[in-house]
file entry_1.cif (mmCIF, C-alpha atoms and all ligand atoms)
data_upload
loop_
_atom_site.label_atom_id
_atom_site.label_comp_id
_atom_site.auth_asym_id
_atom_site.auth_seq_id
_atom_site.Cartn_x
_atom_site.Cartn_y
_atom_site.Cartn_z
CA MET E 1 110.66 82.46 87.48
CA SER E 2 110.65 85.77 85.64
CA ASP E 3 112.76 88.73 86.69
CA PRO E 4 111.70 90.91 89.61
CA LEU E 5 110.11 94.24 88.85
CA ARG E 6 112.12 97.33 89.84
CA MET E 7 109.96 100.06 91.28
CA LYS E 8 109.87 103.04 93.62
CA ALA E 9 108.61 102.52 97.14
CA ALA E 10 108.66 104.40 100.46
CA VAL E 11 110.77 102.23 102.78
CA LEU E 12 110.98 102.35 106.58
CA HIS E 13 114.48 101.15 107.50
CA GLU E 14 114.48 101.91 111.26
CA PHE E 15 111.64 102.71 113.66
CA GLY E 16 111.41 106.40 114.46
CA THR E 17 113.20 107.49 111.28
CA PRO E 18 111.65 109.00 108.13
CA LEU E 19 110.57 106.82 105.21
CA ARG E 20 112.96 106.88 102.24
CA VAL E 21 111.73 106.70 98.65
CA GLU E 22 114.04 104.30 96.81
CA GLU E 23 114.15 101.57 94.20
CA VAL E 24 113.16 98.12 95.48
CA LEU E 25 112.56 94.72 93.88
CA LEU E 26 109.19 93.01 93.63
CA ASP E 27 108.97 89.35 92.67
CA PRO E 28 106.09 88.13 90.47
CA PRO E 29 102.92 86.85 92.14
CA HIS E 30 102.92 83.27 93.40
CA ALA E 31 99.88 81.00 93.14
CA GLY E 32 96.82 82.71 94.61
CA GLU E 33 98.35 86.20 94.42
CA VAL E 34 97.99 89.18 92.09
CA LEU E 35 100.21 92.03 90.93
CA VAL E 36 98.53 95.43 91.17
CA ARG E 37 99.62 98.80 89.76
CA VAL E 38 98.88 101.18 92.63
CA ALA E 39 96.88 104.30 91.76
CA ALA E 40 96.50 105.93 95.16
CA ALA E 41 96.98 105.19 98.84
CA GLY E 42 95.68 106.75 102.03
CA VAL E 43 98.00 107.52 104.94
CA CYS E 44 96.49 105.91 108.04
CA HIS E 45 97.37 106.07 111.73
CA SER E 46 98.38 102.40 111.62
CA ASP E 47 101.20 103.29 109.20
CA LEU E 48 102.40 105.96 111.62
CA ARG E 49 102.06 103.68 114.66
CA LEU E 50 104.24 101.03 113.05
CA ALA E 51 106.79 103.61 111.84
CA GLU E 52 107.09 104.95 115.39
CA GLY E 53 107.79 101.45 116.70
CA GLY E 54 104.43 101.26 118.50
CA LEU E 55 103.42 97.90 116.95
CA GLY E 56 106.41 95.81 117.92
CA HIS E 57 109.89 95.75 116.45
CA GLU E 58 109.89 92.77 114.10
CA ARG E 59 108.59 94.24 110.86
CA LYS E 60 111.54 96.12 109.36
CA PRO E 61 112.71 97.10 106.87
CA ILE E 62 109.21 97.38 105.47
CA VAL E 63 107.14 99.06 102.78
CA LEU E 64 104.19 100.64 104.59
CA GLY E 65 100.77 101.53 103.18
CA HIS E 66 97.67 99.36 103.50
CA GLU E 67 94.77 101.57 102.38
CA GLY E 68 94.81 101.83 98.62
CA ALA E 69 93.47 100.96 95.22
CA GLY E 70 94.80 100.18 91.78
CA VAL E 71 94.51 98.08 88.67
CA VAL E 72 95.34 94.37 88.34
CA GLU E 73 98.37 93.86 86.09
CA ALA E 74 98.97 90.11 86.43
CA VAL E 75 97.37 87.17 88.21
CA GLY E 76 99.15 84.18 89.71
CA GLU E 77 98.30 80.56 89.14
CA GLY E 78 94.85 79.51 90.25
CA VAL E 79 93.37 83.01 90.51
CA ARG E 80 89.97 82.75 88.85
CA ASP E 81 87.89 85.70 90.01
CA LEU E 82 90.23 88.57 89.08
CA ALA E 83 91.50 89.57 85.64
CA VAL E 84 94.08 91.98 84.25
CA GLY E 85 92.55 95.45 84.11
CA ASP E 86 90.18 95.01 87.05
CA HIS E 87 89.95 97.96 89.43
CA VAL E 88 90.55 96.76 92.97
CA GLY E 89 90.58 98.15 96.49
CA PHE E 90 92.88 96.50 99.02
CA SER E 91 91.79 94.50 102.05
CA ILE E 92 94.14 93.78 104.95
CA ASN E 93 92.13 90.64 105.75
CA PRO E 94 92.76 87.79 103.28
CA ALA E 95 90.90 85.40 105.59
CA CYS E 96 91.89 81.74 105.17
CA GLY E 97 88.32 80.45 105.37
CA THR E 98 89.28 77.34 107.33
CA CYS E 99 90.53 78.39 110.78
CA ARG E 100 88.29 78.34 113.84
CA PHE E 101 87.35 82.04 113.55
CA CYS E 102 86.73 81.92 109.80
CA ARG E 103 84.44 78.92 110.35
CA GLU E 104 82.60 80.86 113.05
CA GLY E 105 81.95 83.69 110.57
CA LYS E 106 84.50 86.09 112.12
CA PRO E 107 86.99 86.51 109.27
CA THR E 108 88.60 89.65 110.70
CA LEU E 109 89.95 87.44 113.51
CA CYS E 110 91.45 84.89 111.05
CA GLU E 111 94.35 83.17 112.81
CA ARG E 112 96.41 82.53 109.69
CA ALA E 113 96.01 86.08 108.41
CA GLY E 114 96.86 87.46 111.86
CA ALA E 115 100.02 85.38 112.21
CA ASN E 116 101.38 86.20 108.75
CA SER E 117 100.47 89.86 109.06
CA GLY E 118 102.29 90.08 112.40
CA HIS E 119 105.48 88.81 110.76
CA GLY E 120 105.17 91.06 107.69
CA ASN E 121 104.70 88.13 105.31
CA LEU E 122 102.15 87.10 102.68
CA MET E 123 99.85 84.13 103.36
CA ASP E 124 102.50 81.50 102.50
CA GLY E 125 104.87 82.92 105.11
CA THR E 126 107.27 84.54 102.61
CA THR E 127 107.71 87.98 101.04
CA ARG E 128 107.87 89.21 97.43
CA LEU E 129 109.68 92.43 98.34
CA ARG E 130 113.44 92.96 98.51
CA LEU E 131 115.66 95.98 98.94
CA GLY E 132 117.67 97.06 95.92
CA ASP E 133 120.67 95.09 97.25
CA GLY E 134 118.58 91.92 97.58
CA ARG E 135 118.03 91.93 101.37
CA PRO E 136 114.48 90.93 102.40
CA LEU E 137 111.84 93.57 102.92
CA LYS E 138 108.59 93.11 104.87
CA HIS E 139 105.03 93.63 103.67
CA PHE E 140 102.63 95.72 105.77
CA LEU E 141 99.25 94.05 106.35
CA PHE E 142 99.63 92.09 103.06
CA VAL E 143 99.41 95.31 101.05
CA SER E 144 102.49 97.65 101.14
CA CYS E 145 100.93 100.12 98.75
CA PHE E 146 103.28 103.08 99.35
CA ALA E 147 104.85 101.79 96.15
CA GLU E 148 104.25 101.81 92.42
CA HIS E 149 103.18 98.16 92.46
CA CYS E 150 102.32 95.53 95.00
CA VAL E 151 101.82 91.79 95.09
CA VAL E 152 98.96 90.81 97.39
CA PRO E 153 96.92 87.69 98.11
CA ALA E 154 94.02 87.58 95.64
CA ALA E 155 91.70 87.77 98.67
CA SER E 156 93.27 91.17 99.49
CA ALA E 157 92.30 92.63 96.11
CA LEU E 158 88.56 93.23 95.91
CA ARG E 159 86.96 94.38 92.69
CA VAL E 160 85.42 97.87 92.87
CA PRO E 161 83.23 99.63 90.26
CA GLY E 162 85.18 101.37 87.51
CA ALA E 163 82.93 104.40 88.02
CA LEU E 164 84.43 105.08 91.45
CA PRO E 165 87.60 107.19 91.11
CA LEU E 166 90.49 105.13 92.44
CA TRP E 167 91.62 107.89 94.84
CA GLN E 168 88.23 107.46 96.53
CA ALA E 169 88.26 103.66 96.22
CA ALA E 170 91.58 103.78 98.11
CA LEU E 171 89.75 104.85 101.26
CA ILE E 172 87.20 102.03 101.26
CA GLY E 173 89.58 99.26 102.37
CA CYS E 174 90.57 100.83 105.68
CA ALA E 175 88.96 104.11 106.78
CA VAL E 176 85.51 103.36 105.36
CA VAL E 177 85.18 99.64 106.14
CA THR E 178 86.52 100.30 109.66
CA GLY E 179 84.35 103.33 110.40
CA VAL E 180 81.16 101.91 108.90
CA GLY E 181 81.78 98.52 110.51
CA ALA E 182 82.20 100.03 113.98
CA VAL E 183 78.75 101.61 113.63
CA ARG E 184 76.99 98.76 111.85
CA ASN E 185 78.60 95.61 113.29
CA VAL E 186 79.80 96.56 116.76
CA ALA E 187 77.80 99.54 118.11
CA ARG E 188 74.78 98.47 116.01
CA VAL E 189 73.39 101.99 115.97
CA ARG E 190 69.62 102.12 115.53
CA LEU E 191 67.23 104.83 114.37
CA GLY E 192 67.15 107.67 116.89
CA ASP E 193 70.16 106.53 118.97
CA THR E 194 72.61 109.07 120.37
CA VAL E 195 76.22 108.71 119.27
CA CYS E 196 79.42 110.46 120.35
CA VAL E 197 82.44 110.19 118.02
CA ILE E 198 85.77 110.98 119.67
CA GLY E 199 88.44 111.77 117.08
CA CYS E 200 87.40 113.06 113.66
CA GLY E 201 90.29 112.09 111.39
CA GLY E 202 90.07 109.79 108.37
CA VAL E 203 88.26 106.98 110.19
CA GLY E 204 86.27 109.16 112.63
CA LEU E 205 84.66 111.04 109.76
CA GLN E 206 83.49 107.74 108.28
CA VAL E 207 82.03 106.83 111.68
CA VAL E 208 80.09 110.10 111.64
CA ALA E 209 78.87 109.45 108.08
CA ALA E 210 77.80 105.90 108.95
CA ALA E 211 75.99 107.06 112.10
CA ARG E 212 74.02 109.49 109.94
CA LEU E 213 73.17 106.73 107.43
CA SER E 214 72.00 104.59 110.36
CA GLY E 215 69.54 107.26 111.42
CA ALA E 216 71.23 108.32 114.65
CA GLY E 217 69.20 111.07 116.31
CA GLN E 218 72.16 112.93 117.71
CA ILE E 219 75.78 112.71 116.57
CA ILE E 220 78.20 114.63 118.78
CA ALA E 221 81.67 115.00 117.27
CA VAL E 222 84.63 115.60 119.60
CA ASP E 223 88.07 116.69 118.43
CA ARG E 224 90.82 119.19 119.26
CA SER E 225 90.87 120.63 115.75
CA ARG E 226 88.31 123.21 114.59
CA GLU E 227 88.93 122.15 111.00
CA LYS E 228 88.14 118.48 111.70
CA LEU E 229 84.98 119.50 113.56
CA GLU E 230 83.88 121.48 110.49
CA ARG E 231 84.43 118.35 108.38
CA ALA E 232 82.43 116.34 110.92
CA LEU E 233 79.50 118.75 110.58
CA ALA E 234 79.68 118.33 106.78
CA ALA E 235 79.67 114.53 107.23
CA GLY E 236 76.54 114.61 109.40
CA ALA E 237 77.44 115.54 112.99
CA THR E 238 74.63 117.39 114.74
CA GLU E 239 76.84 119.03 117.40
CA THR E 240 80.55 119.49 117.99
CA VAL E 241 82.76 119.76 121.07
CA ASP E 242 86.18 121.38 120.81
CA ALA E 243 88.26 119.38 123.28
CA SER E 244 91.11 121.89 123.06
CA THR E 245 89.01 124.48 124.87
CA ASP E 246 86.17 122.58 126.56
CA ASP E 247 85.92 119.75 129.10
CA ALA E 248 84.80 117.16 126.55
CA VAL E 249 83.04 114.81 128.96
CA ARG E 250 81.06 117.56 130.67
CA ALA E 251 80.09 119.09 127.32
CA VAL E 252 78.88 115.76 125.87
CA LEU E 253 76.90 114.89 129.02
CA LYS E 254 75.22 118.30 128.81
CA LEU E 255 74.45 118.11 125.07
CA SER E 256 73.05 114.58 125.39
CA GLY E 257 71.09 115.19 128.57
CA GLY E 258 73.05 112.74 130.72
CA GLY E 259 75.03 110.51 128.36
CA VAL E 260 74.95 108.85 124.96
CA ASP E 261 73.90 105.37 123.81
CA HIS E 262 77.15 104.80 121.90
CA ALA E 263 80.58 106.38 122.18
CA ILE E 264 83.02 105.49 119.40
CA GLU E 265 86.66 106.23 120.11
CA VAL E 266 88.90 106.70 117.09
CA VAL E 267 92.14 108.01 118.59
CA GLY E 268 93.80 105.17 120.51
CA ILE E 269 95.14 106.98 123.59
CA ALA E 270 94.23 106.44 127.25
CA ALA E 271 92.56 109.81 127.80
CA THR E 272 90.11 109.49 124.92
CA ILE E 273 89.30 105.82 125.62
CA ARG E 274 88.43 106.90 129.16
CA GLN E 275 86.34 109.78 127.77
CA ALA E 276 84.37 107.30 125.65
CA TRP E 277 83.51 105.43 128.84
CA ASP E 278 82.67 108.58 130.79
CA VAL E 279 80.18 110.00 128.25
CA LEU E 280 77.95 106.89 128.29
CA ARG E 281 74.48 106.82 129.80
CA PRO E 282 73.69 103.79 131.96
CA GLY E 283 73.40 100.83 129.59
CA GLY E 284 75.45 102.55 126.90
CA SER E 285 78.41 101.03 125.12
CA ALA E 286 81.80 102.38 124.12
CA VAL E 287 83.58 101.01 121.06
CA VAL E 288 87.34 101.45 120.79
CA VAL E 289 88.42 101.72 117.16
CA GLY E 290 91.59 103.78 117.71
CA LEU E 291 94.81 101.79 117.44
CA ALA E 292 96.64 102.07 120.77
CA PRO E 293 100.38 101.43 120.99
CA VAL E 294 101.48 98.10 122.45
CA GLY E 295 101.59 98.32 126.27
CA LEU E 296 99.03 101.11 126.77
CA GLU E 297 96.67 100.56 129.73
CA VAL E 298 93.46 102.43 130.54
CA PRO E 299 91.96 102.64 134.06
CA ILE E 300 88.16 102.26 134.18
CA PRO E 301 86.05 102.78 137.35
CA ALA E 302 84.88 99.18 137.68
CA ILE E 303 81.88 99.99 139.92
CA GLU E 304 80.25 101.48 136.82
CA PHE E 305 79.87 98.05 135.23
CA LEU E 306 76.91 97.86 137.64
CA SER E 307 75.15 100.41 135.45
CA ASP E 308 75.30 98.04 132.49
CA LYS E 309 77.88 100.07 130.62
CA SER E 310 80.10 98.09 128.28
CA LEU E 311 83.41 98.55 126.52
CA LYS E 312 83.88 96.80 123.18
CA GLY E 313 86.78 96.17 120.86
CA CYS E 314 86.66 96.39 117.09
CA PHE E 315 89.12 95.33 114.42
CA TYR E 316 88.77 96.40 110.81
CA GLY E 317 85.02 96.89 111.18
CA SER E 318 84.52 93.43 112.69
CA GLY E 319 82.39 92.34 109.74
CA ASN E 320 83.15 90.48 106.53
CA PRO E 321 85.50 92.76 104.57
CA ALA E 322 85.43 90.53 101.46
CA ALA E 323 81.72 91.31 101.14
CA ASP E 324 81.65 94.72 102.81
CA ILE E 325 84.37 96.45 100.73
CA PRO E 326 82.75 95.79 97.31
CA GLU E 327 79.35 96.69 98.77
CA LEU E 328 80.60 99.99 100.24
CA ALA E 329 82.46 100.81 97.02
CA ALA E 330 79.25 100.24 95.06
CA LEU E 331 77.33 102.52 97.43
CA ALA E 332 79.99 105.22 97.07
CA ALA E 333 80.00 104.83 93.27
CA ALA E 334 76.22 105.22 93.26
CA GLY E 335 76.50 108.44 95.28
CA ARG E 336 74.71 107.00 98.32
CA PHE E 337 77.49 108.34 100.49
CA SER E 338 80.57 110.41 99.83
CA VAL E 339 84.06 109.63 101.04
CA ALA E 340 85.68 112.74 99.55
CA GLU E 341 85.05 114.98 102.58
CA SER E 342 87.56 113.06 104.67
CA VAL E 343 90.45 113.94 102.35
CA SER E 344 92.35 117.11 103.24
CA HIS E 345 95.62 116.67 101.34
CA PHE E 346 97.04 115.06 98.21
CA THR E 347 100.73 114.32 97.94
CA GLY E 348 103.31 112.08 96.25
CA LEU E 349 105.36 109.17 97.64
CA ASP E 350 107.90 111.67 98.98
CA GLY E 351 105.23 113.48 101.00
CA ILE E 352 104.36 110.68 103.43
CA ASN E 353 106.70 111.91 106.16
CA ASP E 354 104.95 115.29 106.07
CA ALA E 355 101.60 113.50 106.30
CA PHE E 356 102.86 111.69 109.44
CA GLU E 357 103.89 115.05 110.88
CA ARG E 358 100.41 116.49 110.22
CA MET E 359 98.89 113.47 111.98
CA ASN E 360 101.11 114.02 114.99
CA GLN E 361 100.05 117.65 115.13
CA GLY E 362 96.36 116.95 114.47
CA ILE E 363 96.36 118.98 111.25
CA GLY E 364 93.98 118.07 108.41
CA ALA E 365 92.24 114.73 107.89
CA ARG E 366 93.18 112.03 105.37
CA THR E 367 96.17 112.48 103.06
CA ILE E 368 95.96 110.64 99.75
CA VAL E 369 99.26 109.63 98.17
CA VAL E 370 98.74 109.88 94.43
CA ILE E 371 101.06 107.28 92.94
CA ASP E 372 99.74 107.10 89.37
CA ALA E 373 97.90 110.33 88.66
CA SER E 374 96.38 109.11 85.39
CA LEU E 375 94.82 106.09 87.12
CA ALA E 376 93.92 107.79 90.39
CA GLY E 377 91.49 110.23 88.80
CA VAL E 378 92.78 113.40 90.46
CA PRO E 379 94.16 116.39 88.51
CA PRO E 380 97.82 115.72 87.53
CA SER E 381 99.44 117.68 90.36
CA PRO E 382 100.46 115.00 92.85
CA GLN E 383 102.67 117.38 94.84
CA ARG E 384 99.67 119.45 95.83
CA THR E 385 99.48 119.43 99.60
CA THR E 386 96.67 121.89 100.18
CA ALA E 387 93.06 121.13 100.88
CA PRO E 388 91.10 120.57 97.66
CA ALA E 389 88.73 123.49 97.12
CA SER E 390 86.26 121.20 95.39
CA PRO E 391 87.15 117.51 95.36
CA PRO E 392 87.24 116.09 91.85
CA SER E 393 84.22 113.92 91.14
ZN ZN E 401 94.38 101.84 108.26
ZN ZN E 402 91.03 81.96 108.97
#
call {"tool": "encode", "arguments": {"input": "entry_1.cif", "output": "structure tokens", "more": "lines below"}}
Ligand SMILES: [Zn+2]
Ligand SMILES: [Zn+2]
result
Amino acid sequence: MSDPLRMKAAVLHEFGTPLRVEEVLLDPPHAGEVLVRVAAAGVCHSDLRLAEGGLGHERKPIVLGHEGAGVVEAVGEGVRDLAVGDHVGFSINPACGTCRFCREGKPTLCERAGANSGHGNLMDGTTRLRLGDGRPLKHFLFVSCFAEHCVVPAASALRVPGALPLWQAALIGCAVVTGVGAVRNVARVRLGDTVCVIGCGGVGLQVVAAARLSGAGQIIAVDRSREKLERALAAGATETVDASTDDAVRAVLKLSGGGVDHAIEVVGIAATIRQAWDVLRPGGSAVVVGLAPVGLEVPIPAIEFLSDKSLKGCFYGSGNPAADIPELAALAAAGRFSVAESVSHFTGLDGINDAFERMNQGIGARTIVVIDASLAGVPPSPQRTTAPASPPS
């Protein structure tokens, strides 16, 4: 086997401590895997949840990052549908195709992918990452793209159009496929429906955009940040509710004339999941997209099931990411919808801890980590941490 590649990565050594940018080792791709040079990565709440210790305590030390895009640099044995030079967006769902759920057409529930992901391994149950001193290092959701390179299952690298800047392609594989999927596959929003979106960060803004594309008649955006509500209006919200000053449930019931058809929760805490339930009209459904920490419980007034209200789960858009990610990337490349509005900050690998801090404080929306500025397609100033005045196109 050839020598491992030495590269910079942001490593989480202990839960609740900052990531450290350091040199790590990356072994070459095994059969069915590819090596990708990472161009850009989005910082998602799931990265923060794991770093805080909210997703169990097995996966450490680990290279986080799961929403990203780059260029294929090498392919392992047996990989036929990807070639060196291809632009790819990452998928956290390299579905096996043979388990019970894959056979039922529910690849996001793939048992083999779920088990390996939970242990921080690739699909063969091993890792390609090691610390500089040789100790093993976990992968996050098969991707680990807070690094200059990553080795991923070929099914986690989906070709995207070269015309789509890679900093935008980075968003497709988590925020976009999740937000659009919640609207299209779970809520199944129809023309004229009323929708309430609770939480307008990176994913919530994609929910708003997808609700608009679906023809929702009313899209009420709820958040505690004025800035995020402004972004929601730009993405297609028809009304906003500032939950830092208003009683969100009362305000949404008033704006919607007694409740909405669909409430989509994109925060992952008890209070907002309960709000999603409380803003429904009889017969309405709430979809929980927000990633709650392990152990969180939410009380629901059970008598209200009599009014035909329902509460639904959603993982990674609950669709078929292998088909959905290339399709959404093609739509974005064609200008049918824009993902740029959800990005508030650009930074480098050493700026991820600050991005986590902004998330904790509810400041800004998505942060994009620019790892290779020449590939990512943003101006060569990766330390810039202010909102882009006009996103590069
Ligand atoms: Zn994510
Ligand atoms: Zn499967």
call {"tool": "residues_around", "arguments": {"input": "entry_1.cif", "residues": "region 233-240 of chain E", "least_positions_apart": "3", "cutoff": "6 Å", "atoms": "only C-alpha atoms", "output": "PyMOL selection string"}}
result
chain E and resi 209+212+218-222+230
call {"tool": "residues_around", "arguments": {"input": "entry_1.cif", "residues": "region 241-247 of chain E", "least_positions_apart": "5", "cutoff": "10 Å", "atoms": "all atoms listed in the file", "output": "PyMOL selection string"}}
result
chain E and resi 196+198-199+220-226+228-229+252+255
call {"tool": "residues_around", "arguments": {"input": "entry_1.cif", "residues": "Val189 (chain E)", "least_positions_apart": "2", "cutoff": "9 Å", "atoms": "all atoms listed in the file", "output": "PyMOL selection string"}}
result
chain E and resi 183-187+191-195+211+214-216+261-262
call {"tool": "write_last_selection", "arguments": {"input": "entry_1.cif", "atoms": "C-alpha atoms", "output": "PDB file, in the frame of the given file"}}
result
ATOM      1  CA  VAL E 183      78.750 101.610 113.630  1.00  0.00           C
ATOM      2  CA  ARG E 184      76.990  98.760 111.850  1.00  0.00           C
ATOM      3  CA  ASN E 185      78.600  95.610 113.290  1.00  0.00           C
ATOM      4  CA  VAL E 186      79.800  96.560 116.760  1.00  0.00           C
ATOM      5  CA  ALA E 187      77.800  99.540 118.110  1.00  0.00           C
ATOM      6  CA  LEU E 191      67.230 104.830 114.370  1.00  0.00           C
ATOM      7  CA  GLY E 192      67.150 107.670 116.890  1.00  0.00           C
ATOM      8  CA  ASP E 193      70.160 106.530 118.970  1.00  0.00           C
ATOM      9  CA  THR E 194      72.610 109.070 120.370  1.00  0.00           C
ATOM     10  CA  VAL E 195      76.220 108.710 119.270  1.00  0.00           C
ATOM     11  CA  ALA E 211      75.990 107.060 112.100  1.00  0.00           C
ATOM     12  CA  SER E 214      72.000 104.590 110.360  1.00  0.00           C
ATOM     13  CA  GLY E 215      69.540 107.260 111.420  1.00  0.00           C
ATOM     14  CA  ALA E 216      71.230 108.320 114.650  1.00  0.00           C
ATOM     15  CA  ASP E 261      73.900 105.370 123.810  1.00  0.00           C
ATOM     16  CA  HIS E 262      77.150 104.800 121.900  1.00  0.00           C
TER      17      HIS E 262
END
call {"tool": "atom_distance", "arguments": {"input": "entry_1.cif", "atom1": "CA of Val75 (chain E)", "atom2": "CA of Ala157 (chain E)"}}
result
10.9 Å
call {"tool": "residues_near_ligand", "arguments": {"input": "entry_1.cif", "ligand": "ligand ZN 402 (chain E)", "cutoff": "6 Å", "atoms": "only C-alpha atoms and all ligand atoms", "output": "list in words"}}
result
Ala95, Cys96, Gly97, Thr98, Cys99, Phe101, Cys102, Cys110, Glu111 and Arg112 of chain E
call {"tool": "residues_near_ligand", "arguments": {"input": "entry_1.cif", "ligand": "ligand ZN 401 (chain E)", "cutoff": "10 Å", "atoms": "all atoms listed in the file", "output": "list of chain:residue names"}}
result
E:Gly42, E:Val43, E:Cys44, E:His45, E:Ser46, E:Asp47, E:Leu48, E:Gly65, E:His66, E:Glu67, E:Gly68, E:Ser91, E:Ile92, E:Leu141, E:Leu171, E:Gly173, E:Cys174, E:Ala175, E:Val176, E:Val177, E:Thr178, E:Gly202, E:Val203, E:Leu291, E:Tyr316
call {"tool": "closest_residue", "arguments": {"input": "entry_1.cif", "among": "E:Thr127, E:Thr108, E:Gln206, E:Ser2", "to": "Pro61 (chain E)", "atoms": "only C-alpha atoms"}}
result
E:Thr127
call {"tool": "closest_residue", "arguments": {"input": "entry_1.cif", "among": "E:Gly53, E:Gly268, E:Gly201, E:Pro282", "to": "Arg358 (chain E)", "atoms": "only C-alpha atoms"}}
result
E:Gly201
call {"tool": "atom_distance", "arguments": {"input": "entry_1.cif", "atom1": "CA of Gly76 (chain E)", "atom2": "CA of Asp124 (chain E)"}}
result
13.5 Å
call {"tool": "closest_residue", "arguments": {"input": "entry_1.cif", "among": "E:Val267, E:Ile371, E:Ser342, E:Phe315", "to": "Cys150 (chain E)", "atoms": "all atoms listed in the file"}}
result
E:Ile371
call {"tool": "closest_residue", "arguments": {"input": "entry_1.cif", "among": "E:Ala373, E:Val287, E:Ile352, E:Val279", "to": "Ala10 (chain E)", "atoms": "all atoms listed in the file"}}
result
E:Ile352
call {"tool": "atom_distance", "arguments": {"input": "entry_1.cif", "atom1": "CA of Val289 (chain E)", "atom2": "CA of Arg103 (chain E)"}}
result
24.1 Å
call {"tool": "residues_around", "arguments": {"input": "entry_1.cif", "residues": "region 16-21 of chain E", "least_positions_apart": "6", "cutoff": "7 Å", "atoms": "only C-alpha atoms", "output": "mmCIF file with C-alpha atoms, keeping the file's coordinate frame"}}
result
data_model
loop_
_atom_site.group_PDB
_atom_site.id
_atom_site.type_symbol
_atom_site.label_atom_id
_atom_site.label_comp_id
_atom_site.auth_asym_id
_atom_site.auth_seq_id
_atom_site.Cartn_x
_atom_site.Cartn_y
_atom_site.Cartn_z
ATOM 1 C CA LYS E 8 109.870 103.040 93.620
ATOM 2 C CA ALA E 9 108.610 102.520 97.140
ATOM 3 C CA ALA E 10 108.660 104.400 100.460
ATOM 4 C CA ALA E 51 106.790 103.610 111.840
ATOM 5 C CA GLU E 52 107.090 104.950 115.390
ATOM 6 C CA GLY E 53 107.790 101.450 116.700
ATOM 7 C CA LEU E 349 105.360 109.170 97.640
ATOM 8 C CA ASP E 350 107.900 111.670 98.980
ATOM 9 C CA ASN E 353 106.700 111.910 106.160
#
call {"tool": "residues_around", "arguments": {"input": "entry_1.cif", "residues": "Leu311 (chain E)", "least_positions_apart": "3", "cutoff": "10 Å", "atoms": "only C-alpha atoms", "output": "PDB file with C-alpha atoms, keeping the file's coordinate frame"}}
result
ATOM      1  CA  HIS E 262      77.150 104.800 121.900  1.00  0.00           C
ATOM      2  CA  ALA E 263      80.580 106.380 122.180  1.00  0.00           C
ATOM      3  CA  ILE E 264      83.020 105.490 119.400  1.00  0.00           C
ATOM      4  CA  ILE E 273      89.300 105.820 125.620  1.00  0.00           C
ATOM      5  CA  ALA E 276      84.370 107.300 125.650  1.00  0.00           C
ATOM      6  CA  TRP E 277      83.510 105.430 128.840  1.00  0.00           C
ATOM      7  CA  GLY E 284      75.450 102.550 126.900  1.00  0.00           C
ATOM      8  CA  SER E 285      78.410 101.030 125.120  1.00  0.00           C
ATOM      9  CA  ALA E 286      81.800 102.380 124.120  1.00  0.00           C
ATOM     10  CA  VAL E 287      83.580 101.010 121.060  1.00  0.00           C
ATOM     11  CA  VAL E 288      87.340 101.450 120.790  1.00  0.00           C
ATOM     12  CA  ILE E 300      88.160 102.260 134.180  1.00  0.00           C
ATOM     13  CA  PHE E 305      79.870  98.050 135.230  1.00  0.00           C
TER      14      PHE E 305
END
call {"tool": "closest_residue", "arguments": {"input": "entry_1.cif", "among": "E:Asn360, E:Gln168, E:Asn93, E:Gln275", "to": "Val143 (chain E)", "atoms": "all atoms listed in the file"}}
result
E:Asn93
call {"tool": "closest_residue", "arguments": {"input": "entry_1.cif", "among": "E:Lys60, E:Arg366, E:Arg6, E:Arg281", "to": "Lys309 (chain E)", "atoms": "all atoms listed in the file"}}
result
E:Arg281
call {"tool": "decode", "arguments": {"input": "entry_1.cif", "residues": "region 37-55 of chain E", "atoms": "C-alpha atoms", "output": "tab-separated table (two decimals), in the first residue's frame"}}
result
chain	number	residue	atom	x	y	z
E	37	ARG	CA	-9.48	17.28	-2.37
E	38	VAL	CA	-11.87	19.35	-0.27
E	39	ALA	CA	-12.74	22.80	-1.63
E	40	ALA	CA	-15.22	24.03	0.96
E	41	ALA	CA	-17.29	22.78	3.88
E	42	GLY	CA	-20.34	24.09	5.70
E	43	VAL	CA	-20.47	24.16	9.50
E	44	CYS	CA	-23.68	22.39	10.54
E	45	HIS	CA	-25.43	21.97	13.89
E	46	SER	CA	-24.67	18.24	13.78
E	47	ASP	CA	-20.94	19.03	13.94
E	48	LEU	CA	-21.56	21.18	17.01
E	49	ARG	CA	-23.87	18.61	18.63
E	50	LEU	CA	-21.21	15.91	18.34
E	51	ALA	CA	-18.44	18.25	19.55
E	52	GLU	CA	-20.51	19.08	22.64
E	53	GLY	CA	-20.92	15.38	23.42
E	54	GLY	CA	-24.64	15.42	22.56
E	55	LEU	CA	-24.46	12.46	20.14
